[in-house]
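Okay, run15.cif now, which holds mmCIF, C-alpha atoms:
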```cif
data_input
loop_
_atom_site.label_atom_id
_atom_site.label_comp_id
_atom_site.auth_asym_id
_atom_site.auth_seq_id
_atom_site.Cartn_x
_atom_site.Cartn_y
_atom_site.Cartn_z
CA MET F 1 -2.98 8.84 2.15
CA LYS F 2 -6.68 7.94 2.51
CA LYS F 3 -6.65 6.60 -1.06
CA THR F 4 -3.52 4.57 -0.28
CA ILE F 5 -5.14 2.98 2.77
CA PHE F 6 -8.34 2.31 0.81
CA TRP F 7 -6.55 0.46 -1.98
CA LEU F 8 -4.42 -1.49 0.49
CA GLY F 9 -7.54 -2.54 2.33
CA LEU F 10 -9.27 -3.54 -0.89
CA LEU F 11 -6.25 -5.53 -2.01
CA PHE F 12 -6.03 -7.53 1.20
CA VAL F 13 -9.76 -8.10 1.44
CA GLY F 14 -9.58 -9.50 -2.09
CA PHE F 15 -6.83 -11.84 -0.94
CA HIS F 16 -8.60 -12.50 2.36
CA THR F 17 -6.31 -15.40 3.00
CA ALA F 18 -2.83 -14.86 4.43
CA PHE F 19 0.38 -16.79 4.75
CA ALA F 20 0.41 -19.98 6.76
CA GLN F 21 1.83 -23.44 6.30
CA THR F 22 -0.29 -25.27 3.69
CA ASN F 23 0.53 -28.50 1.91
CA TYR F 24 2.05 -26.44 -0.89
CA GLU F 25 5.66 -27.32 -1.75
CA SER F 26 7.61 -24.32 -2.97
CA SER F 27 9.67 -24.94 -6.11
CA PHE F 28 12.30 -22.52 -4.74
CA LYS F 29 12.93 -24.39 -1.51
CA ASP F 30 15.18 -27.31 -2.42
CA GLU F 31 17.90 -27.03 -5.07
CA ASN F 32 21.28 -28.67 -5.53
CA VAL F 33 23.64 -26.24 -7.22
CA ILE F 34 27.40 -25.82 -7.35
CA SER F 35 28.40 -22.38 -8.55
CA GLY F 36 31.52 -20.26 -8.51
CA ASN F 37 32.49 -17.01 -10.11
CA VAL F 38 35.42 -14.72 -10.82
CA GLY F 39 35.03 -10.97 -11.05
CA PHE F 40 35.69 -7.49 -9.79
CA THR F 41 34.13 -6.16 -6.58
CA THR F 42 33.90 -2.48 -5.69
CA ILE F 43 33.52 -1.86 -1.95
CA GLY F 44 33.45 1.82 -1.09
CA GLU F 45 36.40 3.28 -3.03
CA GLN F 46 38.43 0.06 -3.19
CA THR F 47 38.38 -2.48 -6.04
CA PHE F 48 39.10 -6.16 -5.59
CA VAL F 49 39.43 -9.11 -7.92
CA GLY F 50 38.71 -12.58 -6.74
CA PHE F 51 36.80 -15.81 -6.62
CA ARG F 52 33.63 -16.76 -4.75
CA LEU F 53 32.34 -20.34 -4.39
CA GLN F 54 28.62 -20.63 -3.52
CA PRO F 55 27.30 -24.23 -3.43
CA GLU F 56 23.81 -25.16 -2.18
CA PHE F 57 22.73 -28.70 -1.34
CA SER F 58 19.47 -30.26 -0.20
CA PHE F 59 19.21 -33.88 0.90
CA GLY F 60 15.85 -34.77 2.37
CA LYS F 61 15.35 -32.59 5.44
CA ILE F 62 18.94 -31.26 5.36
CA GLY F 63 19.91 -28.07 3.52
CA LEU F 64 23.35 -26.46 3.26
CA GLY F 65 24.52 -23.24 1.64
CA LEU F 66 28.10 -21.94 1.64
CA ASP F 67 29.76 -18.70 0.58
CA VAL F 68 33.56 -18.90 0.31
CA PRO F 69 35.15 -15.58 -0.78
CA LEU F 70 38.74 -14.91 -1.85
CA LEU F 71 39.17 -11.24 -2.76
CA PHE F 72 42.48 -9.49 -3.56
CA ASP F 73 43.10 -5.75 -3.61
CA ILE F 74 44.11 -4.84 -7.19
CA GLU F 75 46.50 -2.14 -5.94
CA ASN F 76 48.67 -4.21 -3.58
CA GLY F 77 47.54 -7.79 -4.10
CA ASN F 78 46.62 -8.27 -0.43
CA LEU F 79 43.88 -10.73 0.50
CA ARG F 80 40.81 -8.98 1.92
CA THR F 81 40.25 -10.34 5.44
CA GLU F 82 37.54 -7.98 6.73
CA GLU F 83 34.86 -10.60 6.15
CA PHE F 84 36.54 -12.82 8.76
CA SER F 85 38.08 -10.27 11.13
CA ASN F 86 35.32 -9.90 13.74
CA GLY F 87 33.03 -12.24 15.60
CA VAL F 88 32.76 -15.78 14.29
CA GLY F 89 35.35 -15.32 11.54
CA VAL F 90 35.53 -18.17 9.04
CA LEU F 91 32.16 -19.55 10.19
CA ARG F 92 30.65 -16.80 8.03
CA MET F 93 31.33 -19.09 5.08
CA ILE F 94 28.26 -21.04 6.24
CA ARG F 95 25.28 -19.12 4.84
CA TYR F 96 22.94 -21.68 6.32
CA LEU F 97 22.79 -25.24 7.60
CA ARG F 98 19.22 -26.40 8.06
CA TYR F 99 17.37 -29.47 9.24
CA GLY F 100 13.61 -29.68 8.67
CA VAL F 101 11.03 -27.06 7.71
CA LYS F 102 9.70 -24.66 10.32
CA LYS F 103 6.10 -25.33 11.40
CA GLU F 104 5.94 -28.38 9.13
CA ASP F 105 8.37 -30.76 10.85
CA PRO F 106 8.49 -31.46 14.61
CA VAL F 107 12.23 -30.70 14.56
CA TYR F 108 13.57 -27.64 12.78
CA VAL F 109 17.07 -26.23 13.33
CA LYS F 110 18.96 -23.63 11.30
CA LEU F 111 22.50 -22.29 11.64
CA GLY F 112 23.78 -19.17 9.84
CA ASP F 113 21.89 -16.26 8.28
CA MET F 114 18.71 -15.46 10.25
CA THR F 115 17.16 -13.22 7.58
CA GLY F 116 13.35 -13.40 7.58
CA GLU F 117 13.06 -15.05 11.00
CA ARG F 118 10.20 -14.25 13.34
CA LEU F 119 9.15 -15.38 16.81
CA GLY F 120 5.61 -16.70 17.09
CA TYR F 121 3.34 -14.46 15.03
CA GLY F 122 5.90 -11.66 14.92
CA ALA F 123 4.64 -8.95 17.28
CA ILE F 124 8.01 -8.57 19.03
CA LEU F 125 10.51 -10.12 16.62
CA GLY F 126 9.63 -10.21 12.93
CA ASN F 127 11.26 -9.50 9.58
CA TYR F 128 14.55 -9.92 11.45
CA THR F 129 18.06 -10.27 10.05
CA ASN F 130 21.49 -10.67 11.61
CA ALA F 131 23.22 -9.96 8.27
CA VAL F 132 22.76 -6.23 7.68
CA SER F 133 26.29 -5.85 6.26
CA PHE F 134 27.90 -8.52 4.12
CA GLU F 135 31.34 -8.57 5.73
CA ARG F 136 29.84 -8.16 9.22
CA ARG F 137 27.10 -10.74 8.88
CA LYS F 138 26.68 -12.91 11.95
CA VAL F 139 26.18 -16.63 12.35
CA GLY F 140 23.14 -17.33 14.49
CA ILE F 141 21.01 -20.32 15.36
CA SER F 142 17.24 -20.80 15.42
CA ALA F 143 15.03 -23.78 16.14
CA ASP F 144 11.41 -24.87 16.48
CA LEU F 145 10.84 -28.13 18.38
CA LEU F 146 7.47 -29.82 18.98
CA PHE F 147 7.16 -32.73 21.42
CA GLU F 148 4.26 -35.18 21.38
CA LYS F 149 2.26 -32.71 19.24
CA LYS F 150 1.58 -30.61 22.37
CA ILE F 151 4.62 -28.86 23.85
CA GLY F 152 6.78 -26.69 21.64
CA LEU F 153 9.77 -24.38 21.85
CA GLU F 154 10.98 -21.72 19.43
CA PHE F 155 14.26 -19.96 20.00
CA LEU F 156 16.75 -17.76 18.20
CA TYR F 157 20.25 -16.64 19.16
CA SER F 158 21.62 -13.93 16.91
CA ASP F 159 25.39 -14.36 17.13
CA LEU F 160 27.51 -17.41 17.98
CA ASN F 161 30.41 -15.09 18.68
CA PHE F 162 30.67 -15.76 22.41
CA ASP F 163 33.06 -12.89 23.17
CA GLY F 164 31.50 -10.48 25.64
CA SER F 165 28.03 -10.89 27.10
CA LEU F 166 24.77 -12.36 25.89
CA LYS F 167 23.68 -11.32 22.39
CA LEU F 168 20.06 -11.24 21.24
CA LEU F 169 18.22 -14.29 22.57
CA ALA F 170 14.55 -14.90 21.73
CA VAL F 171 12.58 -17.78 23.28
CA ARG F 172 8.94 -18.78 22.85
CA PRO F 173 7.61 -21.87 24.62
CA TYR F 174 4.16 -22.77 23.34
CA TYR F 175 1.44 -25.26 24.26
CA LYS F 176 -1.18 -26.99 22.10
CA PRO F 177 -3.50 -28.56 24.72
CA PHE F 178 -5.47 -30.57 22.17
CA GLY F 179 -2.65 -31.20 19.70
CA ALA F 180 -2.83 -35.00 20.02
CA LEU F 181 -6.56 -35.11 19.23
CA GLU F 182 -7.98 -35.66 15.76
CA ILE F 183 -10.42 -32.76 16.01
CA PRO F 184 -10.07 -30.07 13.29
CA ILE F 185 -9.52 -26.51 14.50
CA VAL F 186 -9.48 -27.57 18.16
CA ASN F 187 -6.22 -29.52 17.79
CA THR F 188 -4.51 -26.46 16.30
CA ILE F 189 -5.21 -24.07 19.20
CA GLU F 190 -1.86 -22.77 20.41
CA PHE F 191 -0.82 -20.59 23.36
CA GLY F 192 2.62 -18.96 23.34
CA LEU F 193 4.80 -16.90 25.67
CA SER F 194 7.57 -14.85 24.02
CA MET F 195 10.67 -13.42 25.71
CA VAL F 196 13.53 -11.47 24.13
CA VAL F 197 16.68 -10.24 25.88
CA ASP F 198 19.82 -8.61 24.51
CA LYS F 199 22.89 -7.72 26.59
CA ASP F 200 25.20 -6.95 23.68
CA ASP F 201 28.32 -5.10 24.84
CA PHE F 202 30.28 -5.30 21.59
CA GLU F 203 33.10 -2.77 21.17
CA GLU F 204 35.36 -2.45 18.18
CA THR F 205 38.91 -1.13 18.34
CA THR F 206 40.24 0.53 15.18
CA ASP F 207 43.06 2.91 14.31
CA THR F 208 40.84 5.80 15.41
CA GLY F 209 40.04 4.32 18.83
CA THR F 210 37.33 2.23 20.48
CA THR F 211 33.75 2.61 19.28
CA ASN F 212 30.56 1.09 20.64
CA HIS F 213 26.96 1.45 19.60
CA THR F 214 25.56 -0.79 22.34
CA GLN F 215 25.59 1.43 25.41
CA PHE F 216 21.84 0.92 25.98
CA THR F 217 21.89 -2.88 25.65
CA ARG F 218 24.76 -3.57 28.06
CA ASP F 219 22.55 -3.88 31.14
CA GLY F 220 19.83 -5.69 29.21
CA ASN F 221 17.21 -4.78 26.65
CA LYS F 222 14.12 -6.89 27.32
CA ALA F 223 10.64 -7.61 25.97
CA TYR F 224 7.95 -10.22 26.43
CA GLY F 225 4.56 -11.13 24.99
CA VAL F 226 1.72 -13.63 24.92
CA ASP F 227 -0.31 -14.93 22.02
CA VAL F 228 -2.99 -17.41 21.02
CA GLY F 229 -3.81 -18.70 17.56
CA ALA F 230 -5.56 -21.48 15.66
CA ILE F 231 -6.01 -22.79 12.14
CA LEU F 232 -9.65 -22.07 11.22
CA LEU F 233 -9.70 -23.83 7.86
CA LYS F 234 -7.39 -26.21 6.03
CA ASN F 235 -7.81 -28.24 2.85
CA MET F 236 -5.86 -28.90 -0.34
CA PHE F 237 -6.59 -25.40 -1.66
CA LEU F 238 -6.87 -23.13 1.34
CA GLU F 239 -5.55 -22.60 4.86
CA LEU F 240 -6.68 -19.80 7.18
CA THR F 241 -5.23 -18.97 10.61
CA ALA F 242 -6.28 -16.36 13.19
CA ASP F 243 -4.24 -15.03 16.12
CA ILE F 244 -4.24 -12.46 18.91
CA GLN F 245 -1.00 -10.98 20.31
CA TYR F 246 0.05 -8.79 23.22
CA ALA F 247 3.61 -7.46 23.57
CA LYS F 248 5.51 -5.31 26.06
CA LEU F 249 8.88 -3.55 25.59
CA LEU F 250 10.35 -3.05 29.05
CA LYS F 251 11.83 0.28 30.05
CA ASN F 252 15.55 0.40 29.30
CA ASP F 253 17.26 1.94 32.33
CA ALA F 254 20.35 3.09 30.44
CA LEU F 255 18.21 4.82 27.80
CA ALA F 256 16.00 6.36 30.51
CA ALA F 257 19.07 7.82 32.25
CA HIS F 258 20.37 9.18 28.95
CA ILE F 259 17.02 10.80 28.16
CA SER F 260 16.70 12.36 31.61
CA ASN F 261 20.10 14.00 31.13
CA THR F 262 19.64 15.17 27.56
CA VAL F 263 15.88 15.71 27.07
CA PRO F 264 14.38 15.84 30.58
CA THR F 265 10.94 16.82 29.22
CA ALA F 266 10.66 13.66 27.08
CA ASN F 267 8.29 10.90 28.14
CA TYR F 268 9.84 7.43 28.17
CA ASP F 269 8.65 4.29 29.98
CA THR F 270 7.60 0.70 29.34
CA GLY F 271 5.60 0.39 26.10
CA GLN F 272 2.97 -2.13 25.06
CA GLY F 273 0.80 -3.05 22.08
CA TYR F 274 -1.86 -5.43 20.79
CA ALA F 275 -2.61 -7.03 17.44
CA ILE F 276 -5.25 -9.23 15.80
CA GLY F 277 -4.14 -11.06 12.66
CA LEU F 278 -5.29 -13.35 9.86
CA GLU F 279 -2.91 -15.56 7.88
CA GLY F 280 -3.58 -18.01 5.10
CA GLY F 281 -2.55 -19.47 1.80
CA PHE F 282 -4.36 -20.35 -1.43
CA ASN F 283 -3.01 -22.86 -3.93
CA PHE F 284 -4.49 -23.14 -7.40
CA ILE F 285 -4.58 -26.52 -9.15
CA ALA F 286 -1.21 -27.96 -10.25
CA ASN F 287 0.70 -25.12 -8.58
CA VAL F 288 -0.28 -22.66 -11.32
CA LEU F 289 -0.64 -19.95 -8.68
CA HIS F 290 0.05 -19.88 -4.95
CA VAL F 291 -0.98 -16.79 -2.99
CA ASN F 292 0.03 -16.08 0.61
CA ALA F 293 -0.49 -13.00 2.75
CA ARG F 294 -1.09 -11.63 6.22
CA ILE F 295 -3.15 -8.74 7.49
CA GLU F 296 -2.93 -7.50 11.04
CA ARG F 297 -4.71 -4.71 12.91
CA GLN F 298 -2.42 -3.15 15.49
CA TRP F 299 -2.82 -0.87 18.49
CA TYR F 300 0.34 0.89 19.72
CA GLY F 301 0.87 2.42 23.15
CA ASP F 302 3.39 5.15 23.96
CA ASN F 303 7.05 4.08 23.62
CA TYR F 304 6.13 0.95 21.66
CA ILE F 305 7.03 -0.12 18.11
CA PRO F 306 5.60 -3.35 16.62
CA GLN F 307 8.20 -5.79 15.26
CA PHE F 308 10.74 -3.82 17.26
CA PHE F 309 13.40 -6.49 16.75
CA ASN F 310 13.51 -6.38 12.95
CA PHE F 311 16.17 -5.76 10.28
CA ALA F 312 16.75 -2.20 11.54
CA TYR F 313 17.60 -3.33 15.07
CA GLU F 314 20.94 -4.90 14.12
CA ILE F 315 22.05 -1.89 12.03
CA ASN F 316 22.39 0.32 15.11
CA LYS F 317 20.84 -0.91 18.35
CA ASP F 318 21.21 2.36 20.24
CA ALA F 319 19.55 4.33 17.45
CA ARG F 320 16.72 1.79 17.26
CA LEU F 321 16.05 2.08 21.00
CA GLN F 322 15.96 5.87 20.81
CA GLU F 323 13.12 5.59 18.26
CA LEU F 324 10.91 4.44 21.16
CA VAL F 325 11.13 7.77 23.00
CA PRO F 326 8.95 9.93 20.70
CA ALA F 327 6.58 7.07 19.74
CA GLU F 328 3.05 8.04 20.78
CA ASN F 329 -0.19 6.11 21.21
CA SER F 330 -1.56 5.18 17.78
CA GLN F 331 -3.02 2.45 15.57
CA GLY F 332 -2.05 0.89 12.27
CA ILE F 333 -1.93 -2.14 10.00
CA TYR F 334 0.65 -4.69 8.98
CA ALA F 335 0.12 -6.44 5.65
CA ARG F 336 2.07 -8.96 3.62
CA LEU F 337 1.19 -10.36 0.22
CA GLY F 338 3.20 -12.85 -1.81
CA SER F 339 2.77 -15.39 -4.57
CA GLU F 340 4.50 -18.01 -6.67
CA ILE F 341 3.48 -18.19 -10.30
CA LEU F 342 3.94 -21.26 -12.51
CA ASP F 343 6.84 -22.37 -10.29
CA LEU F 344 8.91 -19.69 -12.05
CA VAL F 345 8.42 -16.39 -10.21
CA LYS F 346 8.25 -15.67 -6.48
CA VAL F 347 7.35 -12.17 -5.30
CA LYS F 348 6.48 -10.71 -1.88
CA GLY F 349 5.58 -7.28 -0.55
CA GLU F 350 5.24 -6.06 3.06
CA LEU F 351 3.94 -2.87 4.63
CA LEU F 352 3.70 -1.70 8.24
CA LEU F 353 1.64 1.49 8.15
CA PRO F 354 0.48 3.67 11.08
CA ASP F 355 -2.87 5.39 10.70
CA ASP F 356 -2.69 8.98 9.47
CA LEU F 357 1.00 8.72 8.59
CA GLU F 358 1.33 12.39 7.64
CA ASN F 359 0.38 13.53 11.15
CA SER F 360 1.98 10.66 13.04
CA ASN F 361 5.43 10.69 14.63
CA ARG F 362 5.79 7.02 13.72
CA GLY F 363 7.38 5.74 10.54
CA ALA F 364 6.16 3.13 8.08
CA ILE F 365 8.12 0.08 6.87
CA VAL F 366 8.08 -1.32 3.34
CA GLY F 367 9.68 -4.46 1.98
CA LEU F 368 9.88 -6.13 -1.43
CA SER F 369 11.50 -9.33 -2.64
CA LEU F 370 11.68 -11.01 -6.06
CA GLN F 371 13.13 -14.33 -7.13
CA THR F 372 12.84 -16.08 -10.47
CA LYS F 373 13.89 -19.34 -11.99
CA GLU F 374 15.71 -19.15 -15.31
CA ILE F 375 13.57 -17.34 -17.89
CA ALA F 376 15.01 -16.74 -21.36
CA ASN F 377 18.48 -17.42 -19.88
CA PHE F 378 18.01 -14.70 -17.23
CA ARG F 379 17.63 -15.21 -13.48
CA VAL F 380 16.90 -12.49 -10.91
CA ARG F 381 16.98 -12.39 -7.11
CA GLY F 382 16.63 -9.29 -4.95
CA THR F 383 15.30 -7.82 -1.71
CA TYR F 384 14.66 -4.30 -0.47
CA VAL F 385 13.50 -3.04 2.94
CA LYS F 386 13.19 0.46 4.37
CA SER F 387 12.01 1.70 7.77
CA GLN F 388 11.15 5.04 9.42
CA LEU F 389 9.20 6.27 6.40
CA THR F 390 7.22 9.45 7.03
CA ASN F 391 6.04 9.68 3.43
CA LEU F 392 5.35 6.68 1.19
CA ASP F 393 6.58 8.69 -1.79
CA ASP F 394 10.08 8.25 -0.31
CA ALA F 395 9.80 4.47 -0.11
CA PHE F 396 12.49 3.89 -2.74
CA LYS F 397 14.91 6.65 -1.84
CA PHE F 398 18.00 5.09 -0.28
CA ASN F 399 19.13 6.39 3.09
CA GLY F 400 20.33 5.09 6.46
CA ASN F 401 17.12 3.13 7.04
CA ALA F 402 17.32 0.99 3.89
CA LEU F 403 18.88 -2.35 2.94
CA ALA F 404 19.02 -3.61 -0.65
CA ASN F 405 20.61 -6.39 -2.67
CA ALA F 406 20.11 -7.62 -6.21
CA LEU F 407 21.58 -10.39 -8.33
CA VAL F 408 21.03 -10.66 -12.09
CA THR F 409 22.59 -13.52 -14.06
CA TYR F 410 22.60 -14.57 -17.71
CA ARG F 411 23.36 -18.15 -18.73
CA LEU F 412 25.96 -18.28 -21.51
CA ASN F 413 25.81 -22.03 -22.04
CA GLN F 414 25.06 -25.22 -20.14
CA PHE F 415 27.68 -24.54 -17.47
CA MET F 416 28.72 -20.86 -17.72
CA GLU F 417 26.95 -17.67 -16.66
CA ALA F 418 27.65 -13.96 -16.27
CA GLY F 419 26.07 -11.63 -13.77
CA VAL F 420 26.09 -8.58 -11.51
CA ASP F 421 25.74 -8.73 -7.72
CA TYR F 422 24.82 -5.46 -5.98
CA GLN F 423 24.46 -4.71 -2.26
CA TRP F 424 23.61 -1.43 -0.56
CA THR F 425 23.40 -0.79 3.16
CA TYR F 426 24.00 1.86 5.76
CA ALA F 427 26.26 0.10 8.22
CA GLN F 428 29.21 0.37 10.55
CA LYS F 429 32.48 0.89 8.68
CA ASP F 430 35.99 -0.23 9.58
CA ASP F 431 36.70 3.05 11.39
CA GLY F 432 33.67 2.59 13.65
CA THR F 433 31.53 5.26 11.97
CA PHE F 434 28.24 4.61 10.19
CA GLY F 435 27.70 5.40 6.54
CA THR F 436 26.81 4.11 3.10
CA VAL F 437 28.43 0.80 2.14
CA ASN F 438 28.12 -0.25 -1.50
CA GLN F 439 29.30 -3.44 -3.14
CA VAL F 440 29.09 -3.87 -6.91
CA ARG F 441 30.42 -7.12 -8.34
CA PRO F 442 30.21 -8.00 -12.06
CA TYR F 443 31.43 -11.54 -12.61
CA ILE F 444 31.64 -14.57 -14.87
CA GLY F 445 31.44 -18.09 -13.51
CA PHE F 446 30.00 -21.57 -13.63
CA SER F 447 26.77 -23.03 -12.31
CA MET F 448 25.77 -26.69 -12.35
CA LYS F 449 22.50 -28.18 -11.10
CA PHE F 450 22.16 -31.82 -10.18
#
```
Show me, as structure tokens, the structure contained in the file I just sent.
Amino acid sequence: MKKTIFWLGLLFVGFHTAFAQTNYESSFKDENVISGNVGFTTIGEQTFVGFRLQPEFSFGKIGLGLDVPLLFDIENGNLRTEEFSNGVGVLRMIRYLRYGVKKEDPVYVKLGDMTGERLGYGAILGNYTNAVSFERRKVGISADLLFEKKIGLEFLYSDLNFDGSLKLLAVRPYYKPFGALEIPIVNTIEFGLSMVVDKDDFEETTDTGTTNHTQFTRDGNKAYGVDVGAILLKNMFLELTADIQYAKLLKNDALAAHISNTVPTANYDTGQGYAIGLEGGFNFIANVLHVNARIERQWYGDNYIPQFFNFAYEINKDARLQELVPAENSQGIYARLGSEILDLVKVKGELLLPDDLENSNRGAIVGLSLQTKEIANFRVRGTYVKSQLTNLDDAFKFNGNALANALVTYRLNQFMEAGVDYQWTYAQKDDGTFGTVNQVRPYIGFSMKF
């Protein structure tokens, strides 16, 4: 483990800059593509045949991505409706509808998949997703608004299904006191106040009865934090930002009552933590290489987990909250490193690692993503994340704390392509239980860029 930490430290010192918003324009950001495919999909033990239309459009500041599925059970010919049976239903066909670019435009709004969202610098909500299971993905909304270069507001709402009580709501008003001045560094100083609340009371009724995994959020699961940051350096090649964060996860009364009844000797109360971070980006001439990363030193108190509202939170909220109970005072690092190479390959890795992992009761988090343009007729896109790691050797062993998806396509001619789409998650099934959910979909289809 000491060698692992040493090499991680060396790597991130070498790339001393970390991700921030530079003048770099990603070649993966704006594409106009109309694609559709026909193929077989295996979900659990059932096989379906069907059609999926997936267009993406970008016009100036507006971006739109759709996913329209029509799947039929090969045994009885019935249309599969599970993707539309709960929550927002047919609105799930909207993968995203976006206006603007976050932290680059004064007005940014996004509707749909919230994967990758964070609030402020990410101490409370980071690496978040509301789409942990494909047929149960939610339609959320996020925004970042800046008025007169001084007063800003970030917010995120996880689920526009308005049945029941308030779902996850994250709000961060921020203030840039010198934002209207033309003074480098000084005009980028930013103070933020973050607040997150979730009163999810979702219950699902199936043939086996009513199931809920939100008993601890019903009366409110709350957190808040404060932060300050500034851009220290910015030019055509380099941008460097520094920030300080403080976060508090308030005591959940329902969880406290449950613990007192089941494990009365356990220690559970409000938890808090601190972090100091550096972010930046480096762009080599003519976009040959763009490197972005973040490194963050963290201090955890008892009953506190950094980035508590992340991808694992929406898998099972009650289970995520119970992870706070054994969490003891500790320290650690969060690091992220990514790059785009020759406008063809985009790769990113993330690691949240407590000190002395072998002797800690805290788990690590790893994440990887890869996306390529068409290279020798092949195109690849995939992501993988896993939490609650007690041994980094198990980072790529699938279990209930992992999410994975991969898409590999091969272009047959100017308009036709063949591919395989794979998704793996540990999610809530139709009968209300949790377990492995696999989707494997080989297909053939068309794809046209314009």
Residues within 10 Å of (24.0, -18.2, 2.1), file coordinates, counting all atoms listed in the file: what are they? Give the list as a list in words.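 Residues with an atom at most 10 Å from (24.0, -18.2, 2.1): Gln54, Pro55, Glu56, Leu64, Gly65, Leu66, Asp67, Val68, Arg92, Met93, Ile94, Arg95, Tyr96, Leu97, Gly112 and Asp113 of chain F.
Reported to one decimal place, the separation of CA of Leu352 (chain F) from CA of Asn329 (chain F) is 15.6 Å.
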Considering only C-alpha atoms, can you say which of F:Leu232, F:Lys348, F:Val408, F:Gly220 comes closest to Leu321 (chain F)?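 Counting only C-alpha atoms, the residue closest to Leu321 (chain F) is F:Gly220.
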Just the number, please: distance in Å from CA of Ser387 (chain F) to CA of Phe311 (chain F), one decimal.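 Computing it gives 8.9 Å between the two atoms.
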Rounded to one decimal in Å, what is the spacing between CA of Lys248 (chain F) and CA of Phe216 (chain F)?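 Straight-line distance from CA of Lys248 (chain F) to CA of Phe216 (chain F) works out to 17.5 Å.
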Could you expand the PyMOL selection byres ((chain F and resi 262-270) around 8) into the explicit residues it covers here, written as a ChimeraX atom specification? /F:248-252,256,258-261,271-272,303-304,324-326
